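Just structure34.pdb here, PDB, C-alpha atoms and all ligand atoms:
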MODEL        1
ATOM      1  CA  MET J   1     -98.348 -55.713 -61.697  1.00  0.00           C
ATOM      2  CA  ALA J   2     -96.861 -58.855 -63.193  1.00  0.00           C
ATOM      3  CA  ASP J   3     -94.727 -56.768 -65.576  1.00  0.00           C
ATOM      4  CA  ALA J   4     -93.014 -54.538 -63.004  1.00  0.00           C
ATOM      5  CA  LYS J   5     -89.974 -56.731 -62.406  1.00  0.00           C
ATOM      6  CA  GLY J   6     -89.477 -57.304 -66.138  1.00  0.00           C
ATOM      7  CA  ILE J   7     -89.638 -53.529 -66.707  1.00  0.00           C
ATOM      8  CA  HIS J   8     -87.142 -52.959 -63.915  1.00  0.00           C
ATOM      9  CA  ASN J   9     -84.751 -55.599 -65.302  1.00  0.00           C
ATOM     10  CA  LEU J  10     -84.801 -53.991 -68.762  1.00  0.00           C
ATOM     11  CA  ILE J  11     -84.167 -50.486 -67.417  1.00  0.00           C
ATOM     12  CA  THR J  12     -81.379 -51.781 -65.176  1.00  0.00           C
ATOM     13  CA  TYR J  13     -79.739 -53.601 -68.097  1.00  0.00           C
ATOM     14  CA  TYR J  14     -79.449 -50.381 -70.129  1.00  0.00           C
ATOM     15  CA  ALA J  15     -78.771 -48.114 -67.142  1.00  0.00           C
ATOM     16  CA  GLU J  16     -75.747 -50.258 -66.244  1.00  0.00           C
ATOM     17  CA  ARG J  17     -74.486 -49.603 -69.771  1.00  0.00           C
ATOM     18  CA  GLY J  18     -74.988 -45.844 -69.427  1.00  0.00           C
ATOM     19  CA  ARG J  19     -77.884 -45.687 -71.903  1.00  0.00           C
ATOM     20  CA  MET J  20     -80.548 -44.413 -69.510  1.00  0.00           C
ATOM     21  CA  LEU J  21     -81.100 -43.399 -65.911  1.00  0.00           C
ATOM     22  CA  HIS J  22     -81.499 -46.097 -63.274  1.00  0.00           C
ATOM     23  CA  ARG J  23     -84.933 -46.551 -61.750  1.00  0.00           C
ATOM     24  CA  SER J  24     -85.570 -48.352 -58.504  1.00  0.00           C
ATOM     25  CA  LEU J  25     -88.168 -51.114 -58.423  1.00  0.00           C
ATOM     26  CA  GLU J  26     -90.078 -48.876 -56.030  1.00  0.00           C
ATOM     27  CA  SER J  27     -90.162 -46.090 -58.605  1.00  0.00           C
ATOM     28  CA  VAL J  28     -91.354 -48.550 -61.270  1.00  0.00           C
ATOM     29  CA  TYR J  29     -94.263 -49.548 -59.017  1.00  0.00           C
ATOM     30  CA  GLU J  30     -95.020 -45.900 -58.212  1.00  0.00           C
ATOM     31  CA  ARG J  31     -95.083 -45.040 -61.912  1.00  0.00           C
ATOM     32  CA  LEU J  32     -96.490 -48.319 -63.206  1.00  0.00           C
ATOM     33  CA  ARG J  33     -99.549 -46.638 -64.670  1.00  0.00           C
ATOM     34  CA  ASP J  34     -97.248 -44.525 -66.878  1.00  0.00           C
ATOM     35  CA  PHE J  35     -95.914 -47.626 -68.634  1.00  0.00           C
ATOM     36  CA  GLN J  36     -96.759 -49.301 -71.889  1.00  0.00           C
ATOM     37  CA  VAL J  37     -95.291 -52.766 -72.369  1.00  0.00           C
ATOM     38  CA  CYS J  38     -94.889 -55.326 -75.116  1.00  0.00           C
ATOM     39  CA  VAL J  39     -95.008 -58.822 -73.626  1.00  0.00           C
ATOM     40  CA  GLU J  40     -94.701 -62.367 -74.888  1.00  0.00           C
ATOM     41  CA  GLY J  41     -95.984 -64.843 -72.355  1.00  0.00           C
ATOM     42  CA  GLU J  42     -94.528 -63.548 -69.122  1.00  0.00           C
ATOM     43  CA  GLN J  43     -91.513 -61.898 -70.701  1.00  0.00           C
ATOM     44  CA  VAL J  44     -91.397 -58.120 -71.068  1.00  0.00           C
ATOM     45  CA  LEU J  45     -89.949 -57.481 -74.534  1.00  0.00           C
ATOM     46  CA  GLY J  46     -90.085 -53.711 -74.265  1.00  0.00           C
ATOM     47  CA  CYS J  47     -91.363 -50.851 -72.184  1.00  0.00           C
ATOM     48  CA  ALA J  48     -91.884 -47.098 -72.371  1.00  0.00           C
ATOM     49  CA  ALA J  49     -93.345 -44.591 -69.942  1.00  0.00           C
ATOM     50  CA  LEU J  50     -95.286 -41.402 -70.581  1.00  0.00           C
ATOM     51  CA  GLN J  51     -94.732 -38.823 -67.871  1.00  0.00           C
ATOM     52  CA  ILE J  52     -96.804 -35.666 -67.919  1.00  0.00           C
ATOM     53  CA  SER J  53     -94.629 -32.554 -67.636  1.00  0.00           C
ATOM     54  CA  TRP J  54     -97.023 -29.700 -68.182  1.00  0.00           C
ATOM     55  CA  LYS J  55    -100.511 -28.928 -69.509  1.00  0.00           C
ATOM     56  CA  ASP J  56     -99.603 -29.685 -73.110  1.00  0.00           C
ATOM     57  CA  LEU J  57     -96.297 -31.519 -72.758  1.00  0.00           C
ATOM     58  CA  GLY J  58     -95.320 -35.084 -71.905  1.00  0.00           C
ATOM     59  CA  GLU J  59     -92.025 -36.949 -71.824  1.00  0.00           C
ATOM     60  CA  ILE J  60     -91.325 -40.418 -73.113  1.00  0.00           C
ATOM     61  CA  ARG J  61     -89.019 -42.089 -70.606  1.00  0.00           C
ATOM     62  CA  SER J  62     -87.448 -45.449 -69.930  1.00  0.00           C
ATOM     63  CA  LEU J  63     -87.933 -46.661 -73.492  1.00  0.00           C
ATOM     64  CA  ALA J  64     -86.167 -50.007 -73.651  1.00  0.00           C
ATOM     65  CA  VAL J  65     -86.383 -53.066 -75.884  1.00  0.00           C
ATOM     66  CA  ALA J  66     -84.815 -56.370 -74.834  1.00  0.00           C
ATOM     67  CA  PRO J  67     -81.474 -56.857 -76.637  1.00  0.00           C
ATOM     68  CA  SER J  68     -82.695 -60.005 -78.413  1.00  0.00           C
ATOM     69  CA  GLN J  69     -85.779 -58.169 -79.714  1.00  0.00           C
ATOM     70  CA  ARG J  70     -84.206 -55.001 -81.069  1.00  0.00           C
ATOM     71  CA  GLY J  71     -84.747 -54.094 -84.704  1.00  0.00           C
ATOM     72  CA  LYS J  72     -88.118 -55.876 -84.945  1.00  0.00           C
ATOM     73  CA  GLY J  73     -90.393 -52.865 -84.612  1.00  0.00           C
ATOM     74  CA  VAL J  74     -91.076 -53.129 -80.868  1.00  0.00           C
ATOM     75  CA  GLY J  75     -89.653 -49.672 -80.106  1.00  0.00           C
ATOM     76  CA  LYS J  76     -91.758 -48.106 -82.845  1.00  0.00           C
ATOM     77  CA  ILE J  77     -94.930 -49.762 -81.515  1.00  0.00           C
ATOM     78  CA  LEU J  78     -94.187 -48.500 -78.000  1.00  0.00           C
ATOM     79  CA  VAL J  79     -93.646 -44.931 -79.230  1.00  0.00           C
ATOM     80  CA  ARG J  80     -96.923 -45.101 -81.169  1.00  0.00           C
ATOM     81  CA  ARG J  81     -98.779 -46.302 -78.093  1.00  0.00           C
ATOM     82  CA  VAL J  82     -97.278 -43.570 -75.926  1.00  0.00           C
ATOM     83  CA  ALA J  83     -98.202 -40.977 -78.572  1.00  0.00           C
ATOM     84  CA  ARG J  84    -101.739 -42.338 -78.799  1.00  0.00           C
ATOM     85  CA  GLU J  85    -102.154 -42.160 -75.049  1.00  0.00           C
ATOM     86  CA  GLY J  86    -100.695 -38.646 -74.911  1.00  0.00           C
ATOM     87  CA  ARG J  87    -103.104 -37.510 -77.612  1.00  0.00           C
ATOM     88  CA  SER J  88    -106.061 -39.148 -75.899  1.00  0.00           C
ATOM     89  CA  ILE J  89    -105.430 -37.224 -72.668  1.00  0.00           C
ATOM     90  CA  GLY J  90    -104.978 -33.898 -74.465  1.00  0.00           C
ATOM     91  CA  LEU J  91    -101.208 -33.476 -74.736  1.00  0.00           C
ATOM     92  CA  LYS J  92     -99.959 -31.506 -77.742  1.00  0.00           C
ATOM     93  CA  LYS J  93     -96.401 -32.821 -77.815  1.00  0.00           C
ATOM     94  CA  ILE J  94     -94.053 -35.362 -76.348  1.00  0.00           C
ATOM     95  CA  PHE J  95     -90.347 -34.874 -75.894  1.00  0.00           C
ATOM     96  CA  ALA J  96     -87.424 -37.240 -75.429  1.00  0.00           C
ATOM     97  CA  LEU J  97     -83.886 -36.809 -74.144  1.00  0.00           C
ATOM     98  CA  THR J  98     -81.895 -39.513 -75.827  1.00  0.00           C
ATOM     99  CA  TYR J  99     -78.645 -41.066 -76.995  1.00  0.00           C
ATOM    100  CA  GLU J 100     -80.620 -42.659 -79.869  1.00  0.00           C
ATOM    101  CA  PRO J 101     -81.648 -39.615 -81.937  1.00  0.00           C
ATOM    102  CA  GLU J 102     -81.661 -41.565 -85.204  1.00  0.00           C
ATOM    103  CA  PHE J 103     -84.286 -43.970 -83.881  1.00  0.00           C
ATOM    104  CA  PHE J 104     -86.439 -41.089 -82.666  1.00  0.00           C
ATOM    105  CA  ARG J 105     -86.130 -39.299 -86.028  1.00  0.00           C
ATOM    106  CA  ARG J 106     -87.323 -42.478 -87.722  1.00  0.00           C
ATOM    107  CA  VAL J 107     -90.436 -42.591 -85.576  1.00  0.00           C
ATOM    108  CA  GLY J 108     -91.502 -38.966 -86.029  1.00  0.00           C
ATOM    109  CA  PHE J 109     -89.491 -36.812 -83.615  1.00  0.00           C
ATOM    110  CA  VAL J 110     -87.501 -33.730 -84.629  1.00  0.00           C
ATOM    111  CA  ASP J 111     -84.488 -32.180 -82.922  1.00  0.00           C
ATOM    112  CA  ILE J 112     -85.122 -29.159 -80.707  1.00  0.00           C
ATOM    113  CA  ASP J 113     -83.006 -26.757 -78.752  1.00  0.00           C
ATOM    114  CA  ARG J 114     -82.706 -28.057 -75.179  1.00  0.00           C
ATOM    115  CA  GLU J 115     -83.414 -24.543 -73.945  1.00  0.00           C
ATOM    116  CA  ALA J 116     -86.935 -24.842 -75.383  1.00  0.00           C
ATOM    117  CA  LEU J 117     -87.869 -27.335 -72.650  1.00  0.00           C
ATOM    118  CA  PRO J 118     -89.163 -26.208 -69.250  1.00  0.00           C
ATOM    119  CA  THR J 119     -86.409 -26.015 -66.623  1.00  0.00           C
ATOM    120  CA  LYS J 120     -88.137 -28.529 -64.367  1.00  0.00           C
ATOM    121  CA  VAL J 121     -87.300 -31.148 -67.007  1.00  0.00           C
ATOM    122  CA  TRP J 122     -83.694 -31.028 -65.830  1.00  0.00           C
ATOM    123  CA  ARG J 123     -84.339 -31.817 -62.203  1.00  0.00           C
ATOM    124  CA  ASP J 124     -83.400 -35.518 -62.672  1.00  0.00           C
ATOM    125  CA  CYS J 125     -79.996 -34.500 -64.044  1.00  0.00           C
ATOM    126  CA  VAL J 126     -78.628 -34.431 -60.516  1.00  0.00           C
ATOM    127  CA  PHE J 127     -78.950 -38.233 -60.494  1.00  0.00           C
ATOM    128  CA  CYS J 128     -77.085 -38.650 -63.775  1.00  0.00           C
ATOM    129  CA  PRO J 129     -73.365 -39.511 -63.794  1.00  0.00           C
ATOM    130  CA  ASN J 130     -73.003 -37.664 -67.123  1.00  0.00           C
ATOM    131  CA  ALA J 131     -74.582 -34.423 -65.897  1.00  0.00           C
ATOM    132  CA  ASP J 132     -71.389 -32.411 -66.451  1.00  0.00           C
ATOM    133  CA  ASP J 133     -70.855 -33.720 -69.962  1.00  0.00           C
ATOM    134  CA  CYS J 134     -74.357 -34.453 -71.207  1.00  0.00           C
ATOM    135  CA  LYS J 135     -74.590 -35.727 -74.769  1.00  0.00           C
ATOM    136  CA  GLU J 136     -78.308 -36.444 -74.781  1.00  0.00           C
ATOM    137  CA  VAL J 137     -80.220 -34.970 -77.692  1.00  0.00           C
ATOM    138  CA  ALA J 138     -83.520 -33.174 -77.040  1.00  0.00           C
ATOM    139  CA  MET J 139     -86.293 -34.103 -79.460  1.00  0.00           C
ATOM    140  CA  VAL J 140     -89.999 -33.522 -79.779  1.00  0.00           C
ATOM    141  CA  MET J 141     -92.988 -35.061 -81.543  1.00  0.00           C
ATOM    142  CA  GLU J 142     -96.095 -33.029 -82.277  1.00  0.00           C
ATOM    143  CA  LEU J 143     -99.273 -34.990 -81.576  1.00  0.00           C
ATOM    144  CA  ARG J 144    -101.652 -34.268 -84.394  1.00  0.00           C
ATOM    145  CA  LYS J 145    -105.368 -34.830 -84.063  1.00  0.00           C
ATOM    146  CA  GLY J 146    -106.436 -38.068 -85.702  1.00  0.00           C
ATOM    147  CA  GLY J 147    -102.888 -39.519 -85.809  1.00  0.00           C
ATOM    148  CA  SER J 148    -102.510 -43.259 -85.182  1.00  0.00           C
TER     149      SER J 148
HETATM  150  C1  LIG J 201     -83.703 -47.420 -79.201  1.00  0.00           C
HETATM  151  C2  LIG J 201     -84.577 -48.652 -79.116  1.00  0.00           C
HETATM  152  C3  LIG J 201     -85.723 -48.389 -78.127  1.00  0.00           C
HETATM  153  C4  LIG J 201     -85.162 -48.935 -80.504  1.00  0.00           C
HETATM  154  O1  LIG J 201     -86.077 -50.016 -80.408  1.00  0.00           O
HETATM  155  P1  LIG J 201     -86.169 -51.121 -81.574  1.00  0.00           P
HETATM  156  O2  LIG J 201     -87.316 -52.006 -81.258  1.00  0.00           O
HETATM  157  O3  LIG J 201     -84.842 -51.744 -81.729  1.00  0.00           O
HETATM  158  O4  LIG J 201     -86.471 -50.204 -82.846  1.00  0.00           O
HETATM  159  P2  LIG J 201     -87.473 -50.560 -84.053  1.00  0.00           P
HETATM  160  O5  LIG J 201     -87.179 -51.944 -84.514  1.00  0.00           O
HETATM  161  O6  LIG J 201     -88.868 -50.267 -83.640  1.00  0.00           O
HETATM  162  O7  LIG J 201     -86.993 -49.522 -85.131  1.00  0.00           O
HETATM  163  C5  LIG J 201     -87.861 -48.537 -85.724  1.00  0.00           C
HETATM  164  C6  LIG J 201     -87.103 -47.846 -86.823  1.00  0.00           C
HETATM  165  O8  LIG J 201     -85.966 -47.167 -86.278  1.00  0.00           O
HETATM  166  C7  LIG J 201     -84.764 -47.675 -86.863  1.00  0.00           C
HETATM  167  N1  LIG J 201     -83.774 -47.762 -85.776  1.00  0.00           N
HETATM  168  C8  LIG J 201     -83.851 -48.454 -84.630  1.00  0.00           C
HETATM  169  N2  LIG J 201     -82.770 -48.237 -83.857  1.00  0.00           N
HETATM  170  C9  LIG J 201     -81.990 -47.398 -84.551  1.00  0.00           C
HETATM  171  C10 LIG J 201     -80.732 -46.801 -84.290  1.00  0.00           C
HETATM  172  N3  LIG J 201     -80.050 -47.033 -83.157  1.00  0.00           N
HETATM  173  N4  LIG J 201     -80.229 -45.966 -85.221  1.00  0.00           N
HETATM  174  C11 LIG J 201     -80.895 -45.729 -86.368  1.00  0.00           C
HETATM  175  N5  LIG J 201     -82.107 -46.266 -86.679  1.00  0.00           N
HETATM  176  C12 LIG J 201     -82.635 -47.083 -85.783  1.00  0.00           C
HETATM  177  C13 LIG J 201     -85.124 -49.037 -87.414  1.00  0.00           C
HETATM  178  O9  LIG J 201     -84.290 -49.399 -88.478  1.00  0.00           O
HETATM  179  C14 LIG J 201     -86.549 -48.823 -87.855  1.00  0.00           C
HETATM  180  O10 LIG J 201     -86.556 -48.130 -89.110  1.00  0.00           O
HETATM  181  P3  LIG J 201     -87.743 -48.414 -90.181  1.00  0.00           P
HETATM  182  O11 LIG J 201     -89.044 -48.049 -89.518  1.00  0.00           O
HETATM  183  O12 LIG J 201     -87.396 -47.532 -91.316  1.00  0.00           O
HETATM  184  O13 LIG J 201     -87.672 -49.879 -90.485  1.00  0.00           O
HETATM  185  C15 LIG J 201     -83.787 -49.909 -78.658  1.00  0.00           C
HETATM  186  O14 LIG J 201     -82.723 -50.097 -79.535  1.00  0.00           O
HETATM  187  C16 LIG J 201     -83.257 -49.833 -77.235  1.00  0.00           C
HETATM  188  O15 LIG J 201     -83.897 -50.312 -76.305  1.00  0.00           O
HETATM  189  N6  LIG J 201     -82.049 -49.234 -77.070  1.00  0.00           N
HETATM  190  C17 LIG J 201     -81.379 -49.178 -75.784  1.00  0.00           C
HETATM  191  C18 LIG J 201     -82.091 -48.309 -74.809  1.00  0.00           C
HETATM  192  C19 LIG J 201     -82.209 -46.888 -75.291  1.00  0.00           C
HETATM  193  O16 LIG J 201     -81.237 -46.269 -75.700  1.00  0.00           O
HETATM  194  N7  LIG J 201     -83.436 -46.358 -75.227  1.00  0.00           N
HETATM  195  C20 LIG J 201     -83.733 -44.984 -75.562  1.00  0.00           C
HETATM  196  C21 LIG J 201     -83.734 -44.187 -74.303  1.00  0.00           C
HETATM  197  S1  LIG J 201     -84.319 -42.528 -74.608  1.00  0.00           S
ENDMDL
END

Same coordinates, now as structure tokens:
Amino acid sequence: MADAKGIHNLITYYAERGRMLHRSLESVYERLRDFQVCVEGEQVLGCAALQISWKDLGEIRSLAVAPSQRGKGVGKILVRRVAREGRSIGLKKIFALTYEPEFFRRVGFVDIDREALPTKVWRDCVFCPNADDCKEVAMVMELRKGGS
């Protein structure tokens, strides 16, 4: 519970810069169990949420690393933790919709055709200011048994 406001601040910071969708503090509390965090003392250095989409598919959402902490491996650790959790609950793959495809390629995702994702994935697009000119890249990571 102590991390919720720090998570919300990070998401808001990047949402205000058009890098991800806004999330209300209420929605962070509602989805708090989806989140992985990296913390130092009381400061949230990074966060990422795993949202289950379907029987074998999850989505990594709200991945954000504090500006002062970027490039130190925090994002990679968060993706690994999300992948580990997804694997442990029986998911086969995790997808991302992102403006940072190069980062996701570096951590094990591959590009996919957006059409390959279930249509319900797009229901949040109505809240996005860029819905009519979306430049997000769809990517997926296969979760192999025994991966770290
Ligand atoms: C994208 C983001 C999560 C990456 O986190 P990070 O902690 O800075 O990344 P890491 O230090 O873990 O980097 C892991 C690897 O990816 C590479 N990398 C990181 N960001 C990159 C970028 N923008 N372009 C290319 N490579 C990148 C790193 O060089 C590193 O490579 P290596 O393993 O070969 O050394 C972070 O920059 C961020 O919060 N960005 C703004 C919010 C955002 O766009 N989130 C994604 C929403 S889907």

Query raised in the report: Looking at only C-alpha atoms and all ligand atoms, which of J:Arg33, J:Lys55, J:Arg105, J:Lys93 is the one that sits closest to ligand LIG 201 (chain J)?
Result: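 Looking at the shortest contact to ligand LIG 201 (chain J), the residue is J:Arg105.
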
Query raised in the report: Leaving out range 124-139 of chain J and any residue of its chain fewer than 4 positions from it, which residues lie within 7 Å of it when counting only C-alpha atoms, given as a PyMOL selection string?
Result: chain J and resi 21+95-99+101+109-114

Restrict the selected residues to C-alpha atoms and save them as an mmCIF file, in the coordinates of the input.
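To be explicit, this is the file written out as selection-v2.cif:
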data_model
loop_
_atom_site.group_PDB
_atom_site.id
_atom_site.type_symbol
_atom_site.label_atom_id
_atom_site.label_comp_id
_atom_site.auth_asym_id
_atom_site.auth_seq_id
_atom_site.Cartn_x
_atom_site.Cartn_y
_atom_site.Cartn_z
ATOM 1 C CA LEU J 21 -81.100 -43.399 -65.911
ATOM 2 C CA PHE J 95 -90.347 -34.874 -75.894
ATOM 3 C CA ALA J 96 -87.424 -37.240 -75.429
ATOM 4 C CA LEU J 97 -83.886 -36.809 -74.144
ATOM 5 C CA THR J 98 -81.895 -39.513 -75.827
ATOM 6 C CA TYR J 99 -78.645 -41.066 -76.995
ATOM 7 C CA PRO J 101 -81.648 -39.615 -81.937
ATOM 8 C CA PHE J 109 -89.491 -36.812 -83.615
ATOM 9 C CA VAL J 110 -87.501 -33.730 -84.629
ATOM 10 C CA ASP J 111 -84.488 -32.180 -82.922
ATOM 11 C CA ILE J 112 -85.122 -29.159 -80.707
ATOM 12 C CA ASP J 113 -83.006 -26.757 -78.752
ATOM 13 C CA ARG J 114 -82.706 -28.057 -75.179
#

Hey, which residues sit close to ligand LIG 201 (chain J)? Say within 10 Å, counting all atoms listed in the file, and write them as a CSV table (one decimal) with C-alpha atoms, in the frame of the given file.
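Produced file out_34.csv, reproduced below:
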chain,number,residue,atom,x,y,z
J,10,LEU,CA,-84.8,-54.0,-68.8
J,11,ILE,CA,-84.2,-50.5,-67.4
J,13,TYR,CA,-79.7,-53.6,-68.1
J,14,TYR,CA,-79.4,-50.4,-70.1
J,15,ALA,CA,-78.8,-48.1,-67.1
J,17,ARG,CA,-74.5,-49.6,-69.8
J,18,GLY,CA,-75.0,-45.8,-69.4
J,19,ARG,CA,-77.9,-45.7,-71.9
J,20,MET,CA,-80.5,-44.4,-69.5
J,21,LEU,CA,-81.1,-43.4,-65.9
J,45,LEU,CA,-89.9,-57.5,-74.5
J,46,GLY,CA,-90.1,-53.7,-74.3
J,47,CYS,CA,-91.4,-50.9,-72.2
J,48,ALA,CA,-91.9,-47.1,-72.4
J,59,GLU,CA,-92.0,-36.9,-71.8
J,60,ILE,CA,-91.3,-40.4,-73.1
J,61,ARG,CA,-89.0,-42.1,-70.6
J,62,SER,CA,-87.4,-45.4,-69.9
J,63,LEU,CA,-87.9,-46.7,-73.5
J,64,ALA,CA,-86.2,-50.0,-73.7
J,65,VAL,CA,-86.4,-53.1,-75.9
J,66,ALA,CA,-84.8,-56.4,-74.8
J,67,PRO,CA,-81.5,-56.9,-76.6
J,68,SER,CA,-82.7,-60.0,-78.4
J,69,GLN,CA,-85.8,-58.2,-79.7
J,70,ARG,CA,-84.2,-55.0,-81.1
J,71,GLY,CA,-84.7,-54.1,-84.7
J,72,LYS,CA,-88.1,-55.9,-84.9
J,73,GLY,CA,-90.4,-52.9,-84.6
J,74,VAL,CA,-91.1,-53.1,-80.9
J,75,GLY,CA,-89.7,-49.7,-80.1
J,76,LYS,CA,-91.8,-48.1,-82.8
J,77,ILE,CA,-94.9,-49.8,-81.5
J,78,LEU,CA,-94.2,-48.5,-78.0
J,79,VAL,CA,-93.6,-44.9,-79.2
J,80,ARG,CA,-96.9,-45.1,-81.2
J,95,PHE,CA,-90.3,-34.9,-75.9
J,96,ALA,CA,-87.4,-37.2,-75.4
J,97,LEU,CA,-83.9,-36.8,-74.1
J,98,THR,CA,-81.9,-39.5,-75.8
J,99,TYR,CA,-78.6,-41.1,-77.0
J,100,GLU,CA,-80.6,-42.7,-79.9
J,101,PRO,CA,-81.6,-39.6,-81.9
J,102,GLU,CA,-81.7,-41.6,-85.2
J,103,PHE,CA,-84.3,-44.0,-83.9
J,104,PHE,CA,-86.4,-41.1,-82.7
J,105,ARG,CA,-86.1,-39.3,-86.0
J,106,ARG,CA,-87.3,-42.5,-87.7
J,107,VAL,CA,-90.4,-42.6,-85.6
J,108,GLY,CA,-91.5,-39.0,-86.0
J,136,GLU,CA,-78.3,-36.4,-74.8
J,137,VAL,CA,-80.2,-35.0,-77.7
J,138,ALA,CA,-83.5,-33.2,-77.0
J,139,MET,CA,-86.3,-34.1,-79.5

Report task. Work out how far CA of Gly6 in chain J is from CA of Ile89 in chain J, in Å to one decimal. Result ->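 CA of Ile89 in chain J sits 26.5 Å away from CA of Gly6 in chain J.
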
Report task. On this file, the PyMOL selection byres (((chain J and resi 56) around 8) and not hetatm) gives some set of residues; write that set as a ChimeraX atom specification. Result -> /J:53-55,57-58,90-93

Query raised in the report: Closest to Arg84 in chain J among J:Gln51, J:Lys145, J:Gly41, J:Glu26, using only C-alpha atoms?
Result: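 Ranking J:Gln51, J:Lys145, J:Gly41, J:Glu26 by distance to Arg84 in chain J, first place goes to J:Lys145.
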
Query raised in the report: What is the distance between CA of Glu40 in chain J and CA of His8 in chain J, in Å to one decimal?
Result: 16.3 Å

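You will find CA of Met141 in chain J at 25.6 Å from CA of Ser27 in chain J.
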